[in-house]
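K.L.:
Structure supplied as target18.cif; contents: mmCIF, C-alpha atoms.
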```cif
data_data
loop_
_atom_site.label_atom_id
_atom_site.label_comp_id
_atom_site.auth_asym_id
_atom_site.auth_seq_id
_atom_site.Cartn_x
_atom_site.Cartn_y
_atom_site.Cartn_z
CA MET P 1 22.15 -22.86 -29.23
CA SER P 2 23.88 -20.34 -27.01
CA VAL P 3 21.68 -17.65 -25.51
CA VAL P 4 24.74 -15.38 -25.25
CA LEU P 5 25.68 -15.77 -28.90
CA GLN P 6 22.12 -15.64 -30.27
CA GLY P 7 21.73 -12.77 -32.73
CA LEU P 8 25.46 -11.98 -32.72
CA SER P 9 26.41 -10.45 -36.03
CA ALA P 10 29.56 -11.75 -37.65
CA ALA P 11 29.83 -8.52 -39.63
CA HIS P 12 32.73 -6.45 -38.34
CA ASP P 13 31.25 -3.25 -39.79
CA ASP P 14 27.99 -3.76 -37.86
CA ALA P 15 29.85 -3.97 -34.55
CA VAL P 16 32.00 -0.94 -35.34
CA ALA P 17 28.94 1.13 -36.31
CA HIS P 18 27.02 0.07 -33.20
CA PHE P 19 29.74 0.79 -30.65
CA ALA P 20 30.89 4.00 -32.35
CA GLY P 21 27.27 5.15 -32.33
CA LYS P 22 26.96 4.53 -28.61
CA LEU P 23 30.09 6.56 -27.91
CA ARG P 24 28.76 9.46 -29.99
CA PHE P 25 25.77 9.76 -27.66
CA GLU P 26 26.99 8.47 -24.29
CA THR P 27 29.65 9.40 -21.77
CA ASP P 28 30.25 8.22 -18.23
CA PRO P 29 30.79 9.77 -14.79
CA SER P 30 34.57 9.26 -14.90
CA ASP P 31 34.90 11.11 -18.21
CA VAL P 32 32.61 13.93 -17.04
CA ALA P 33 34.62 14.23 -13.81
CA ALA P 34 37.89 14.25 -15.77
CA ASP P 35 36.68 17.15 -17.97
CA ILE P 36 35.38 19.09 -14.97
CA GLY P 37 38.63 18.49 -13.07
CA ALA P 38 40.71 19.61 -16.05
CA GLY P 39 38.64 22.78 -16.44
CA VAL P 40 37.40 21.79 -19.89
CA THR P 41 34.71 24.23 -21.01
CA GLY P 42 32.40 24.47 -23.99
CA TRP P 43 29.69 22.11 -22.73
CA VAL P 44 27.11 22.07 -19.95
CA LEU P 45 25.98 19.32 -17.61
CA VAL P 46 22.22 19.18 -16.99
CA ASP P 47 20.61 17.41 -14.05
CA SER P 48 17.09 16.51 -15.19
CA ARG P 49 15.78 15.26 -11.84
CA SER P 50 13.17 16.77 -9.52
CA GLN P 51 13.88 19.64 -7.14
CA GLU P 52 13.85 17.22 -4.20
CA SER P 53 16.44 14.99 -5.85
CA TRP P 54 18.60 17.99 -6.80
CA ASP P 55 18.48 19.22 -3.19
CA GLN P 56 19.53 15.78 -1.95
CA GLY P 57 22.75 16.10 -3.97
CA HIS P 58 23.97 16.83 -7.49
CA VAL P 59 27.14 17.07 -9.53
CA PRO P 60 28.96 20.32 -8.68
CA GLY P 61 28.59 22.78 -11.55
CA ALA P 62 25.56 21.06 -13.07
CA ILE P 63 22.54 23.06 -14.18
CA HIS P 64 19.20 21.98 -12.76
CA LEU P 65 16.61 21.68 -15.51
CA PRO P 66 13.95 19.01 -14.96
CA THR P 67 12.99 17.13 -18.12
CA ARG P 68 9.43 18.47 -18.14
CA GLU P 69 10.82 22.05 -18.28
CA ILE P 70 13.44 21.60 -21.02
CA ALA P 71 11.26 22.52 -24.00
CA GLU P 72 10.12 25.72 -22.27
CA ARG P 73 13.32 26.84 -20.51
CA ALA P 74 16.34 25.41 -22.36
CA ALA P 75 16.92 28.44 -24.58
CA ALA P 76 17.01 30.74 -21.53
CA VAL P 77 19.41 28.48 -19.61
CA VAL P 78 21.70 26.93 -22.24
CA PRO P 79 22.98 28.98 -25.21
CA ALA P 80 21.91 27.58 -28.58
CA GLY P 81 24.39 25.14 -30.06
CA THR P 82 26.15 24.43 -26.76
CA PRO P 83 26.85 20.72 -26.29
CA VAL P 84 24.82 19.29 -23.43
CA VAL P 85 25.38 16.23 -21.23
CA THR P 86 22.27 15.06 -19.39
CA TYR P 87 21.87 12.85 -16.37
CA CYS P 88 19.14 11.63 -14.08
CA TRP P 89 19.18 9.16 -11.20
CA GLY P 90 20.79 5.98 -12.57
CA PRO P 91 20.81 3.09 -15.00
CA GLY P 92 17.37 1.93 -13.87
CA CYS P 93 15.93 5.31 -14.84
CA ASN P 94 15.48 6.63 -18.37
CA GLY P 95 15.15 10.27 -17.29
CA GLY P 96 18.58 11.19 -18.66
CA THR P 97 17.63 9.63 -21.99
CA ARG P 98 14.33 11.54 -22.08
CA ALA P 99 16.16 14.78 -21.23
CA ALA P 100 18.71 14.13 -23.99
CA LEU P 101 15.86 13.57 -26.44
CA GLU P 102 14.28 16.91 -25.48
CA PHE P 103 17.57 18.74 -26.07
CA ALA P 104 18.07 16.89 -29.38
CA LYS P 105 14.58 17.97 -30.50
CA LEU P 106 15.65 21.56 -29.84
CA GLY P 107 18.76 21.12 -31.99
CA TYR P 108 21.40 20.85 -29.25
CA PRO P 109 24.32 18.45 -29.63
CA VAL P 110 23.76 16.10 -26.70
CA LYS P 111 25.13 13.10 -24.82
CA GLU P 112 23.78 11.19 -21.86
CA MET P 113 25.94 10.44 -18.81
CA ILE P 114 25.29 6.73 -18.39
CA GLY P 115 24.96 5.57 -14.80
CA GLY P 116 23.63 8.97 -13.77
CA MET P 117 23.85 10.29 -10.24
CA GLU P 118 23.90 6.77 -8.81
CA TYR P 119 27.19 5.89 -10.45
CA TRP P 120 28.59 9.38 -9.89
CA THR P 121 28.19 8.84 -6.14
CA ARG P 122 29.21 5.16 -6.26
CA GLU P 123 32.52 6.26 -7.80
CA GLY P 124 33.09 8.57 -4.82
CA LEU P 125 32.94 11.74 -6.94
CA PRO P 126 32.04 15.09 -5.33
CA VAL P 127 28.40 15.80 -4.52
CA GLU P 128 27.00 19.27 -3.90
CA THR P 129 24.14 20.19 -1.56
CA ALA P 130 23.08 23.40 0.15
CA GLU P 131 25.62 22.55 2.88
CA GLY P 132 28.51 22.43 0.41
CA ILE P 133 30.50 19.82 -1.48
CA THR P 134 31.25 16.41 -0.01
CA ARG P 135 32.61 13.08 -1.18
CA ARG P 136 31.04 9.84 -0.15
CA PRO P 137 33.10 6.64 0.02
CA SER P 138 33.37 4.87 -3.32
CA ASP P 139 31.89 1.47 -3.95
CA PRO P 140 34.88 -0.84 -4.59
CA LEU P 141 32.89 -2.71 -7.24
CA THR P 142 32.51 0.44 -9.36
CA ALA P 143 35.69 2.32 -8.44
CA PRO P 144 38.36 -0.04 -7.13
CA THR P 145 40.38 1.43 -4.27
CA GLY P 146 44.00 2.18 -5.02
CA ILE P 147 43.86 1.21 -8.70
CA ALA P 148 42.39 2.79 -11.78
CA CYS P 149 40.00 1.22 -14.25
CA ALA P 150 42.20 2.71 -17.00
CA CYS P 151 39.61 2.00 -19.63
#
```
Starting from the file, lay out its structure as structure tokens.
P.N.:
Amino acid sequence: MSVVLQGLSAAHDDAVAHFAGKLRFETDPSDVAADIGAGVTGWVLVDSRSQESWDQGHVPGAIHLPTREIAERAAAVVPAGTPVVTYCWGPGCNGGTRAALEFAKLGYPVKEMIGGMEYWTREGLPVETAEGITRRPSDPLTAPTGIACAC
């Protein structure tokens, strides 16, 4: 029996529902960067990491709201009903998921930026610190040089 194929549902509708559901609640750094670059408004990006992590570097334009403060401060920082995209460090961290849950509990429409800050920086996207905005070299395994993923 194949380990890869174990549990695979043959039902087309199950696969459609699963993957459509993921896309309703997840976005990625490239899509967030594309919206920011195009000046798309009507949503906010929330960095849910610690102050020390925020100071080390964050997505330009993001709002800093650590997960443990969301329940108390969200209404003062993000207008009710505004769609929110959360992120934390990276795929090995569930902080962005926990932050998204806190916003969902408060009634906000919310998505999580999968890959978090790790993949934002690995793609060579701009990073903001107190010194200004910089770009670090991209990792060719996550953002191939000279070509686009075009997914």
K.L.:
Given the PyMOL selection byres ((chain P and resi 44) around 8) and the file above, list the residues it selects as a PDB file with C-alpha atoms, in the coordinates of the input.
P.N.:
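Saved result, result09.pdb, follows:
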```pdb
ATOM      1  CA  THR P  41      34.710  24.230 -21.010  1.00  0.00           C
ATOM      2  CA  GLY P  42      32.400  24.470 -23.990  1.00  0.00           C
ATOM      3  CA  TRP P  43      29.690  22.110 -22.730  1.00  0.00           C
ATOM      4  CA  LEU P  45      25.980  19.320 -17.610  1.00  0.00           C
ATOM      5  CA  VAL P  46      22.220  19.180 -16.990  1.00  0.00           C
ATOM      6  CA  ALA P  62      25.560  21.060 -13.070  1.00  0.00           C
ATOM      7  CA  ILE P  63      22.540  23.060 -14.180  1.00  0.00           C
ATOM      8  CA  VAL P  78      21.700  26.930 -22.240  1.00  0.00           C
ATOM      9  CA  THR P  82      26.150  24.430 -26.760  1.00  0.00           C
ATOM     10  CA  PRO P  83      26.850  20.720 -26.290  1.00  0.00           C
ATOM     11  CA  VAL P  84      24.820  19.290 -23.430  1.00  0.00           C
ATOM     12  CA  VAL P  85      25.380  16.230 -21.230  1.00  0.00           C
TER      13      VAL P  85
END
```
K.L.:
Can you tell me how far atom CA of P:Trp120 sits from atom CA of P:Ala17, in Å to one decimal?
P.N.:
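Calculated distance between atom CA of P:Trp120 and atom CA of P:Ala17 is 27.7 Å.
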K.L.:
So, counting all atoms listed in the file, which residue among P:Ala76, P:Ser138, P:Asp35, P:Ile70 is closest to P:Ala99?
P.N.:
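The closest residue to P:Ala99 is P:Ile70.
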K.L.:
Specify as a list in words each residue included when the PyMOL selection byres ((chain P and resi 123) around 10) is applied to this file.
P.N.:
Pro29, Ser30, Met117, Glu118, Tyr119, Trp120, Thr121, Arg122, Gly124, Leu125, Pro126, Arg135, Arg136, Pro137, Ser138, Asp139, Pro140, Leu141, Thr142, Ala143, Pro144 and Thr145 of chain P
K.L.:
Could you give me, as a list in words, the residues within 12 Å of P:Gly115, counting all atoms listed in the file and dropping anything in the same chain fewer than 6 positions from it?
P.N.:
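The residues that qualify are Glu26, Thr27, Asp28, Pro29, Ser30, Asp31, Val32, Thr86, Tyr87, Cys88, Trp89, Gly90, Pro91, Gly92, Cys93, Asn94, Gly95, Gly96, Thr97, Thr121, Arg122, Glu123 and Thr142 of chain P.
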K.L.:
What is the distance between atom CA of P:Leu5 and atom CA of P:Gly116, in Å to one decimal?
P.N.:
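Rounded to one decimal, the two atoms are 29.1 Å apart.
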K.L.:
Please list as a list in words every residue within 8 Å of P:Phe103, counting all atoms listed in the file and excluding residues in the same chain fewer than 3 positions away.
P.N.:
Ile70, Ala71, Ala74, Val84, Ala99, Ala100, Leu106, Gly107, Tyr108, Pro109 and Val110 of chain P
K.L.:
Can you list, as a VMD selection string, the residues that the PyMOL selection byres ((chain P and resi 129) around 9) selects here?
P.N.:
chain P and resid 54 to 58 60 127 to 128 130 to 134
K.L.:
Have a look at atom CA of P:Gly21 and atom CA of P:Gln6 and let me know their distance in Å, one decimal.
P.N.:
21.5 Å
K.L.:
Between P:Gly61, P:Phe19, P:Ala33, P:Glu72, which has the minimum distance to P:Met113 (counting all atoms listed in the file)?
P.N.:
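Comparing P:Gly61, P:Phe19, P:Ala33, P:Glu72 against P:Met113, the winner is P:Ala33.
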K.L.:
Determine the nearest neighbour of P:Lys111 from the options P:Leu65, P:Val59, P:Leu23, P:Ala38, counting all atoms listed in the file.
P.N.:
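Among the listed residues, the smallest separation from P:Lys111 belongs to P:Leu23.
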K.L.:
Reconstruct all heavy atoms of stretch 118-129 of chain P; output as an mmCIF file, keeping the file's coordinate frame.
P.N.:
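Now in result-v4.cif:
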```cif
data_model
loop_
_atom_site.group_PDB
_atom_site.id
_atom_site.type_symbol
_atom_site.label_atom_id
_atom_site.label_comp_id
_atom_site.auth_asym_id
_atom_site.auth_seq_id
_atom_site.Cartn_x
_atom_site.Cartn_y
_atom_site.Cartn_z
ATOM 1 N N GLU P 118 23.565 7.959 -9.596
ATOM 2 C CA GLU P 118 23.900 6.770 -8.810
ATOM 3 C C GLU P 118 25.360 6.385 -8.988
ATOM 4 O O GLU P 118 26.095 6.187 -8.018
ATOM 5 C CB GLU P 118 23.015 5.587 -9.203
ATOM 6 C CG GLU P 118 23.397 4.324 -8.463
ATOM 7 C CD GLU P 118 22.649 3.089 -8.910
ATOM 8 O OE1 GLU P 118 21.698 3.192 -9.707
ATOM 9 O OE2 GLU P 118 23.043 1.998 -8.450
ATOM 10 N N TYR P 119 25.815 6.299 -10.228
ATOM 11 C CA TYR P 119 27.190 5.890 -10.450
ATOM 12 C C TYR P 119 28.182 7.021 -10.168
ATOM 13 O O TYR P 119 29.333 6.762 -9.815
ATOM 14 C CB TYR P 119 27.376 5.269 -11.836
ATOM 15 C CG TYR P 119 27.031 3.801 -11.764
ATOM 16 C CD1 TYR P 119 25.712 3.391 -11.647
ATOM 17 C CD2 TYR P 119 28.027 2.842 -11.716
ATOM 18 C CE1 TYR P 119 25.389 2.053 -11.513
ATOM 19 C CE2 TYR P 119 27.717 1.500 -11.587
ATOM 20 C CZ TYR P 119 26.389 1.109 -11.484
ATOM 21 O OH TYR P 119 26.083 -0.209 -11.337
ATOM 22 N N TRP P 120 27.737 8.253 -10.298
ATOM 23 C CA TRP P 120 28.590 9.380 -9.890
ATOM 24 C C TRP P 120 28.950 9.222 -8.413
ATOM 25 O O TRP P 120 30.119 9.298 -8.027
ATOM 26 C CB TRP P 120 27.854 10.698 -10.139
ATOM 27 C CG TRP P 120 28.670 11.902 -9.783
ATOM 28 C CD1 TRP P 120 28.722 12.532 -8.567
ATOM 29 C CD2 TRP P 120 29.559 12.625 -10.639
ATOM 30 N NE1 TRP P 120 29.594 13.596 -8.612
ATOM 31 C CE2 TRP P 120 30.116 13.674 -9.876
ATOM 32 C CE3 TRP P 120 29.930 12.493 -11.973
ATOM 33 C CZ2 TRP P 120 31.022 14.594 -10.413
ATOM 34 C CZ3 TRP P 120 30.831 13.403 -12.498
ATOM 35 C CH2 TRP P 120 31.367 14.437 -11.722
ATOM 36 N N THR P 121 27.934 8.971 -7.583
ATOM 37 C CA THR P 121 28.190 8.840 -6.140
ATOM 38 C C THR P 121 28.888 7.528 -5.814
ATOM 39 O O THR P 121 29.749 7.492 -4.934
ATOM 40 C CB THR P 121 26.890 8.966 -5.320
ATOM 41 O OG1 THR P 121 25.953 7.989 -5.746
ATOM 42 C CG2 THR P 121 26.291 10.341 -5.462
ATOM 43 N N ARG P 122 28.558 6.458 -6.528
ATOM 44 C CA ARG P 122 29.210 5.160 -6.260
ATOM 45 C C ARG P 122 30.701 5.221 -6.570
ATOM 46 O O ARG P 122 31.482 4.467 -5.996
ATOM 47 C CB ARG P 122 28.537 4.054 -7.057
ATOM 48 C CG ARG P 122 27.141 3.727 -6.509
ATOM 49 C CD ARG P 122 26.500 2.623 -7.264
ATOM 50 N NE ARG P 122 27.147 1.369 -6.879
ATOM 51 C CZ ARG P 122 26.855 0.196 -7.425
ATOM 52 N NH1 ARG P 122 25.959 0.119 -8.385
ATOM 53 N NH2 ARG P 122 27.466 -0.891 -7.027
ATOM 54 N N GLU P 123 31.097 6.106 -7.486
ATOM 55 C CA GLU P 123 32.520 6.260 -7.800
ATOM 56 C C GLU P 123 33.226 7.184 -6.808
ATOM 57 O O GLU P 123 34.417 7.447 -6.940
ATOM 58 C CB GLU P 123 32.693 6.755 -9.229
ATOM 59 C CG GLU P 123 32.350 5.690 -10.251
ATOM 60 C CD GLU P 123 32.663 6.087 -11.681
ATOM 61 O OE1 GLU P 123 33.580 6.916 -11.896
ATOM 62 O OE2 GLU P 123 32.011 5.559 -12.586
ATOM 63 N N GLY P 124 32.481 7.706 -5.835
ATOM 64 C CA GLY P 124 33.090 8.570 -4.820
ATOM 65 C C GLY P 124 33.393 9.969 -5.323
ATOM 66 O O GLY P 124 34.225 10.673 -4.743
ATOM 67 N N LEU P 125 32.716 10.398 -6.370
ATOM 68 C CA LEU P 125 32.940 11.740 -6.940
ATOM 69 C C LEU P 125 32.224 12.788 -6.098
ATOM 70 O O LEU P 125 31.297 12.472 -5.342
ATOM 71 C CB LEU P 125 32.487 11.748 -8.403
ATOM 72 C CG LEU P 125 33.308 10.793 -9.288
ATOM 73 C CD1 LEU P 125 32.646 10.597 -10.649
ATOM 74 C CD2 LEU P 125 34.732 11.300 -9.448
ATOM 75 N N PRO P 126 32.614 14.058 -6.192
ATOM 76 C CA PRO P 126 32.040 15.090 -5.330
ATOM 77 C C PRO P 126 30.545 15.313 -5.582
ATOM 78 O O PRO P 126 30.081 15.259 -6.721
ATOM 79 C CB PRO P 126 32.837 16.350 -5.672
ATOM 80 C CG PRO P 126 33.490 16.069 -6.970
ATOM 81 C CD PRO P 126 33.629 14.604 -7.098
ATOM 82 N N VAL P 127 29.837 15.550 -4.490
ATOM 83 C CA VAL P 127 28.400 15.800 -4.520
ATOM 84 C C VAL P 127 28.138 17.128 -3.823
ATOM 85 O O VAL P 127 28.679 17.391 -2.745
ATOM 86 C CB VAL P 127 27.626 14.670 -3.804
ATOM 87 C CG1 VAL P 127 26.143 14.984 -3.703
ATOM 88 C CG2 VAL P 127 27.859 13.343 -4.521
ATOM 89 N N GLU P 128 27.309 17.957 -4.449
ATOM 90 C CA GLU P 128 27.000 19.270 -3.900
ATOM 91 C C GLU P 128 25.580 19.309 -3.357
ATOM 92 O O GLU P 128 24.651 18.810 -3.980
ATOM 93 C CB GLU P 128 27.162 20.340 -4.984
ATOM 94 C CG GLU P 128 26.964 21.751 -4.475
ATOM 95 C CD GLU P 128 27.292 22.800 -5.525
ATOM 96 O OE1 GLU P 128 27.480 22.452 -6.714
ATOM 97 O OE2 GLU P 128 27.365 23.974 -5.145
ATOM 98 N N THR P 129 25.441 19.914 -2.172
ATOM 99 C CA THR P 129 24.140 20.190 -1.560
ATOM 100 C C THR P 129 24.178 21.629 -1.059
ATOM 101 O O THR P 129 25.188 22.321 -1.216
ATOM 102 C CB THR P 129 23.864 19.244 -0.366
ATOM 103 O OG1 THR P 129 24.793 19.531 0.675
ATOM 104 C CG2 THR P 129 23.942 17.777 -0.757
#
```
